[in-house]
Amino acid sequence: MTIGVVRRAAGRWDDPRSSTGPSLKSRPSSLGPSRLSLASLFEAAHGTAGEQVQAVLQAVRRHLAMDVGFVSEFISGRRVFRFTDGRTSSNPITIGASDPLEKSFCYYIARGMMPELMHDAREDPVAAGLTVTQELPVGAHLSVPLRHADGTTYGSVCCFSFTPDRSLTTRDLGLLRLCADLVGAILHRDRRAVIDRETRRERVRAVIEAGAIEMAYQPIYSVADGRLKAFEALARFPSEPRRAPDAWFAEAAEVGLGEDLEFLAIERALSGFASLDPALKLTVNLSPAQIASPRFAAAFEGAPLERTVIELTEHAGVASYDVLREALTPLRARGLRLAIDDVGAGHSTFRHVLDLSPEFIKLDMSLIRGIDRDTARRALAESITSYGRRIGCEVVAEGVETPAEFAALRDIGVTRAQGFLLGRPMPIEEAARLPETATFPDETT
C-alpha cells in the first residue's frame with residue numbers, strides 16, 4: 001500500500017536539512033508527486049507494534065518536514081509521550097516523560113479551543129498564552145486525536161517545527177489523520193493481542209493452580225508374545241475449552257507456563273506407579289526444554305527410574321544436545337530409559353535418535369496408518385526397524401487400529417505396539433486390572 005500526497009512546500013521535497021531525500025529544485029519534474037510509502041508495515045511479520053508505530057511516525061514527520069513528531073497517551077490528566085521522532089539530537093521529547101494535560105496543545109486542540117493546523121502557533125491567542133510555545137519554541141504545529149476502536153480518546157499524534165511554516169495545507173493535516181488512523185489500528189491490534197495473551201495465560205494458570213489434569217494410561221504390548229510391557233501416561237484436560245492435550249501444552253508454552261504445566265503432568269503421571277505391577281514400565285512425555293530445566297532431576301526424585309521411560313517428541317526443537325545429554329546422563333545411569341516419539345512423522349531428521357542414543361524408537365501413527373496397504377510406509381518402517389535392531393534399540397508402533405496393521409508390523413519385526421486395537425487409554429484403576437498377556441485379534445477374523 002502506498003499513500004501519495006503532494007507536498008506544496010516551495011523549494012522542498014522533504015526535510016531540507018536531512019542528508020537523505022533530494023530537494024524539489026534538484027528533482028526532475030517527470031518523477032511526479034512525492035509519495036509516502038508505508039507498504040512494508042502491512043507485511044505479516046514486519047516488526048513489533050512499537051516498531052510499526054515508530055516507522056509511521058518517522059515517515060509522516062519527515063514527509064511534512066517537521067522538526068519533531070510524537071505520539072502521546074492521555075492518562076489521569078497527564079500527557080505521556082509513548083513514541084517520538086526528531087530531526088536532530090535536540091529533540092525535546094523524551095519517551096515515558098509526561099506533563100499536565102491542561103498545559104499542552106493537545107488538551108486545547110482536543111476540546112476545539114485551538115486549530116489542528118497552525119502555521120505559526122504564536123499567532124493563535126490560546127497557543128500564544130502557553131509557556132511551551134515560547135520555551136521550545138513552537139512554530140508550525142499539526143495535531144490530531146488518536147482514538148480507541150470504540151471512539152474514546154487514547155491520545156494524540158502531533159508534529160511541530162521550531163519555526164513557522166506557511167506551506168502547510170489541509171491536505172497535510174489529512175495525511176496526519178490517516179497516519180493517526182493507522183497508528184490507532186496498530187495499537188488496537190497490539191492491545192487485543194495483549195488481552196488475548198492474558199486471557200490464555202489465566203486459563204492455563206487456572207488449570208495449574210487447580211491441578212486440573214487427569215491421566216489416562218494406554219497399554220504397550222510385546223508383539224512377539226502379547227505380554228503387557230508398559231503403559232504410556234497421557235494427560236487429559238477436563239477444563240473448558242475441550243480440546244486435544246497438545247493444544248493445552250502448546251498454549252502453556254506460548255504464555256510462559258509450559259514448564260509448570262509439563263511438570264504438573266509428570267507429577268500426576270508418576271503417581272500411577274503405586275497402582276501398577278512392579279514388572280511394568282511407565283512412559284511419560286516431556287519436551288526437550290523441560291529436560292534441560294533445573295527442575296528436571298527433582299521431578300523424578302523418589303520415582304523408580306528402572307521402570308521409567310521418558311518420551312521426547314521427535315519434532316520438538318533442541319537448543320543443545322550437549323545440555324540434554326548432561327541432564328539425562330545421571331538418571332540414565334540409575335536406570336532411566338529414553339524413547340524418541342513420533343519418528344517417521346516427517347517433522348525432522350533422526351537427529352534426536354543419532355545424538356541421544358535412545359532405548360526405544362516410537363513409530364508415529366501417521367506411518368502406521370494403512371501400513372498393510374502402503375508399500376512406501378512399509379518400506380520406511382522396515383528401514384527404521386532394521387536400524388533399531390542394529391543399534392540395539394526396540395521399535396514401538398503407535399496408533400495400531402486394525403488387525404491387518406498389526407500383522408504387517410509383526411512381519412516387519414516391530415517389537416512393541418500400542419493403539420486402539422490393543423487397548424484405549426484408561427484410568428489407572430482399570431489399567432491395574434489388565435491381565436499380563438493379551439490375545440490379539442487375527443486379521444482374518
# chains A, B, ... in the order shown; residues from 1 in each chain; ligands from 1

call {"tool": "residues_around", "arguments": {"residues": "Ala297 (chain A)", "least_positions_apart": "2", "cutoff": "9 Å", "atoms": "only C-alpha atoms", "output": "PyMOL selection string"}}
result
chain A and resi 291+293-295+299-301+327-328+330-331

call {"tool": "residues_around", "arguments": {"residues": "region 193-203 of chain A", "least_positions_apart": "4", "cutoff": "8 Å", "atoms": "only C-alpha atoms", "output": "ChimeraX atom specification"}}
result
/A:189,207,251-252,255-257

call {"tool": "residues_around", "arguments": {"residues": "region 260-263 of chain A", "least_positions_apart": "3", "cutoff": "10 Å", "atoms": "only C-alpha atoms", "output": "PDB file with N, CA and C atoms, in the first residue's frame"}}
result
ATOM      1  N   VAL A 204      -4.643 -21.147  31.464  1.00  0.00           N
ATOM      2  CA  VAL A 204      -3.663 -22.180  31.795  1.00  0.00           C
ATOM      3  C   VAL A 204      -3.315 -22.124  33.278  1.00  0.00           C
ATOM      4  N   ARG A 205      -3.172 -20.911  33.811  1.00  0.00           N
ATOM      5  CA  ARG A 205      -2.845 -20.774  35.231  1.00  0.00           C
ATOM      6  C   ARG A 205      -3.925 -21.419  36.111  1.00  0.00           C
ATOM      7  N   VAL A 207      -5.777 -23.964  35.391  1.00  0.00           N
ATOM      8  CA  VAL A 207      -5.591 -25.417  35.336  1.00  0.00           C
ATOM      9  C   VAL A 207      -4.468 -25.840  36.274  1.00  0.00           C
ATOM     10  N   ILE A 208      -3.364 -25.093  36.256  1.00  0.00           N
ATOM     11  CA  ILE A 208      -2.206 -25.441  37.086  1.00  0.00           C
ATOM     12  C   ILE A 208      -2.544 -25.300  38.563  1.00  0.00           C
ATOM     13  N   GLU A 209      -3.168 -24.176  38.917  1.00  0.00           N
ATOM     14  CA  GLU A 209      -3.486 -23.938  40.327  1.00  0.00           C
ATOM     15  C   GLU A 209      -4.487 -24.950  40.874  1.00  0.00           C
ATOM     16  N   GLY A 211      -4.732 -27.955  39.673  1.00  0.00           N
ATOM     17  CA  GLY A 211      -4.228 -29.302  39.406  1.00  0.00           C
ATOM     18  C   GLY A 211      -5.165 -30.094  38.515  1.00  0.00           C
ATOM     19  N   ILE A 213      -5.539 -31.768  35.856  1.00  0.00           N
ATOM     20  CA  ILE A 213      -5.051 -32.692  34.836  1.00  0.00           C
ATOM     21  C   ILE A 213      -5.397 -34.104  35.277  1.00  0.00           C
ATOM     22  N   ALA A 235      -1.908 -37.175  29.290  1.00  0.00           N
ATOM     23  CA  ALA A 235      -2.649 -36.122  30.003  1.00  0.00           C
ATOM     24  C   ALA A 235      -3.998 -35.880  29.351  1.00  0.00           C
ATOM     25  N   TRP A 248      -3.325 -27.690  24.736  1.00  0.00           N
ATOM     26  CA  TRP A 248      -3.091 -27.121  26.063  1.00  0.00           C
ATOM     27  C   TRP A 248      -1.605 -26.884  26.313  1.00  0.00           C
ATOM     28  N   PHE A 249      -0.786 -27.879  25.981  1.00  0.00           N
ATOM     29  CA  PHE A 249       0.650 -27.725  26.226  1.00  0.00           C
ATOM     30  C   PHE A 249       1.256 -26.648  25.321  1.00  0.00           C
ATOM     31  N   ALA A 252       0.281 -23.304  26.793  1.00  0.00           N
ATOM     32  CA  ALA A 252       1.058 -23.045  28.010  1.00  0.00           C
ATOM     33  C   ALA A 252       2.457 -22.551  27.659  1.00  0.00           C
ATOM     34  N   ALA A 253       3.073 -23.168  26.658  1.00  0.00           N
ATOM     35  CA  ALA A 253       4.412 -22.741  26.238  1.00  0.00           C
ATOM     36  C   ALA A 253       4.377 -21.322  25.687  1.00  0.00           C
ATOM     37  N   GLY A 256       4.252 -18.733  28.531  1.00  0.00           N
ATOM     38  CA  GLY A 256       5.299 -18.808  29.544  1.00  0.00           C
ATOM     39  C   GLY A 256       5.003 -19.720  30.715  1.00  0.00           C
ATOM     40  N   LEU A 257       4.053 -20.644  30.554  1.00  0.00           N
ATOM     41  CA  LEU A 257       3.702 -21.565  31.638  1.00  0.00           C
ATOM     42  C   LEU A 257       3.908 -23.024  31.241  1.00  0.00           C
ATOM     43  N   ILE A 266       3.823 -34.507  34.791  1.00  0.00           N
ATOM     44  CA  ILE A 266       4.768 -35.541  35.221  1.00  0.00           C
ATOM     45  C   ILE A 266       4.430 -36.021  36.635  1.00  0.00           C
ATOM     46  N   GLU A 267       4.132 -35.095  37.518  1.00  0.00           N
ATOM     47  CA  GLU A 267       3.764 -35.451  38.889  1.00  0.00           C
ATOM     48  C   GLU A 267       2.540 -36.368  38.907  1.00  0.00           C
ATOM     49  N   ARG A 268       1.521 -36.004  38.107  1.00  0.00           N
ATOM     50  CA  ARG A 268       0.317 -36.816  38.038  1.00  0.00           C
ATOM     51  C   ARG A 268       0.621 -38.200  37.438  1.00  0.00           C
ATOM     52  N   ALA A 269       1.439 -38.231  36.408  1.00  0.00           N
ATOM     53  CA  ALA A 269       1.744 -39.490  35.728  1.00  0.00           C
ATOM     54  C   ALA A 269       2.485 -40.451  36.640  1.00  0.00           C
ATOM     55  N   ASN A 285       5.741 -38.297  28.936  1.00  0.00           N
ATOM     56  CA  ASN A 285       6.159 -37.386  27.865  1.00  0.00           C
ATOM     57  C   ASN A 285       6.753 -36.104  28.447  1.00  0.00           C
ATOM     58  N   LEU A 286       7.848 -35.651  27.846  1.00  0.00           N
ATOM     59  CA  LEU A 286       8.495 -34.422  28.294  1.00  0.00           C
ATOM     60  C   LEU A 286       9.208 -33.779  27.117  1.00  0.00           C
ATOM     61  N   SER A 287       9.117 -32.458  27.037  1.00  0.00           N
ATOM     62  CA  SER A 287       9.756 -31.733  25.943  1.00  0.00           C
ATOM     63  C   SER A 287      11.234 -31.507  26.247  1.00  0.00           C
ATOM     64  N   GLN A 290      12.075 -28.881  28.968  1.00  0.00           N
ATOM     65  CA  GLN A 290      11.904 -29.232  30.386  1.00  0.00           C
ATOM     66  C   GLN A 290      12.952 -30.227  30.858  1.00  0.00           C
ATOM     67  N   ARG A 295      14.483 -27.970  37.108  1.00  0.00           N
ATOM     68  CA  ARG A 295      13.509 -28.752  37.855  1.00  0.00           C
ATOM     69  C   ARG A 295      13.475 -30.221  37.435  1.00  0.00           C
ATOM     70  N   PHE A 296      14.195 -30.562  36.387  1.00  0.00           N
ATOM     71  CA  PHE A 296      14.070 -31.896  35.800  1.00  0.00           C
ATOM     72  C   PHE A 296      14.417 -33.015  36.778  1.00  0.00           C
ATOM     73  N   ALA A 299      12.074 -33.557  39.706  1.00  0.00           N
ATOM     74  CA  ALA A 299      10.754 -34.082  39.364  1.00  0.00           C
ATOM     75  C   ALA A 299      10.700 -35.601  39.431  1.00  0.00           C
ATOM     76  N   PHE A 300      11.853 -36.258  39.324  1.00  0.00           N
ATOM     77  CA  PHE A 300      11.891 -37.722  39.312  1.00  0.00           C
ATOM     78  C   PHE A 300      12.473 -38.300  40.603  1.00  0.00           C
TER      79      PHE A 300
END

call {"tool": "closest_residue", "arguments": {"among": "A:Ala128, A:Cys158, A:Ile75, A:Ile361", "to": "Cys106 (chain A)", "atoms": "only C-alpha atoms"}}
result
A:Cys158

call {"tool": "atom_distance", "arguments": {"atom1": "CA of Leu367 (chain A)", "atom2": "CA of Glu405 (chain A)"}}
result
10.6 Å

call {"tool": "residues_around", "arguments": {"residues": "Ala233 (chain A)", "least_positions_apart": "6", "cutoff": "8 Å", "atoms": "only C-alpha atoms", "output": "number ranges by chain"}}
result
A: 215-218, 269, 282-285

call {"tool": "atom_distance", "arguments": {"atom1": "CA of Ala303 (chain A)", "atom2": "CA of Arg334 (chain A)"}}
result
10.9 Å

call {"tool": "closest_residue", "arguments": {"among": "A:Gly50, A:Pro304, A:Pro425, A:Gly419", "to": "Gly184 (chain A)", "atoms": "only C-alpha atoms"}}
result
A:Gly50

call {"tool": "atom_distance", "arguments": {"atom1": "CA of Glu398 (chain A)", "atom2": "CA of Arg332 (chain A)"}}
result
23.6 Å

call {"tool": "residues_around", "arguments": {"residues": "Val132 (chain A)", "least_positions_apart": "3", "cutoff": "12 Å", "atoms": "only C-alpha atoms", "output": "PyMOL selection string"}}
result
chain A and resi 92+99-100+102-105+121-122+126-129+135-139+162

call {"tool": "write_last_selection", "arguments": {"atoms": "N, CA and C atoms", "output": "short mmCIF file (atom, residue, chain, number, x, y, z; two decimals), in the first residue's frame"}}
result
data_model
loop_
_atom_site.label_atom_id
_atom_site.label_comp_id
_atom_site.auth_asym_id
_atom_site.auth_seq_id
_atom_site.Cartn_x
_atom_site.Cartn_y
_atom_site.Cartn_z
N PRO A 92 13.26 17.64 22.00
CA PRO A 92 12.92 17.93 23.41
C PRO A 92 12.00 16.90 24.05
N ASP A 99 3.58 15.42 31.13
CA ASP A 99 3.32 16.76 31.63
C ASP A 99 1.82 16.91 31.84
N PRO A 100 1.40 17.94 32.58
CA PRO A 100 -0.04 18.13 32.81
C PRO A 100 -0.77 18.33 31.48
N GLU A 102 -3.54 19.78 30.80
CA GLU A 102 -4.14 21.09 30.57
C GLU A 102 -3.13 22.16 30.17
N LYS A 103 -1.84 21.84 30.25
CA LYS A 103 -0.82 22.80 29.82
C LYS A 103 -0.27 22.48 28.43
N SER A 104 -0.94 21.56 27.74
CA SER A 104 -0.44 21.12 26.44
C SER A 104 -1.33 21.59 25.30
N PHE A 105 -0.77 21.68 24.12
CA PHE A 105 -1.55 21.97 22.93
C PHE A 105 -2.63 20.89 22.74
N ALA A 121 2.22 29.02 15.70
CA ALA A 121 1.47 28.90 16.95
C ALA A 121 1.38 30.21 17.70
N ARG A 122 2.33 31.09 17.50
CA ARG A 122 2.32 32.36 18.23
C ARG A 122 1.21 33.29 17.78
N VAL A 126 -4.71 31.40 22.11
CA VAL A 126 -4.60 30.40 23.18
C VAL A 126 -3.19 29.83 23.22
N ALA A 127 -2.68 29.46 22.05
CA ALA A 127 -1.32 28.88 21.98
C ALA A 127 -0.28 29.89 22.46
N ALA A 128 -0.48 31.16 22.09
CA ALA A 128 0.49 32.18 22.48
C ALA A 128 0.56 32.34 23.99
N GLY A 129 -0.52 31.99 24.68
CA GLY A 129 -0.53 32.13 26.13
C GLY A 129 0.10 30.95 26.86
N GLU A 135 9.06 28.62 25.02
CA GLU A 135 10.23 27.92 25.54
C GLU A 135 10.85 26.99 24.52
N LEU A 136 10.05 26.26 23.73
CA LEU A 136 10.65 25.28 22.81
C LEU A 136 11.50 25.93 21.70
N PRO A 137 11.09 26.83 20.91
CA PRO A 137 9.74 27.36 20.72
C PRO A 137 8.94 26.47 19.77
N VAL A 138 7.62 26.72 19.70
CA VAL A 138 6.77 26.03 18.74
C VAL A 138 6.42 26.99 17.62
N GLY A 139 6.74 26.60 16.39
CA GLY A 139 6.37 27.39 15.22
C GLY A 139 5.13 26.79 14.59
N PHE A 162 10.19 24.18 14.89
CA PHE A 162 10.59 25.27 15.77
C PHE A 162 10.34 26.64 15.13
#

call {"tool": "closest_residue", "arguments": {"among": "A:His352, A:Arg424, A:Arg389, A:His63", "to": "Leu175 (chain A)", "atoms": "only C-alpha atoms"}}
result
A:His63

call {"tool": "select_by_dssp", "arguments": {"residues": "region 145-199 of chain A", "states": "helix (DSSP H, G or I)", "output": "PyMOL selection string"}}
result
chain A and resi 170-199
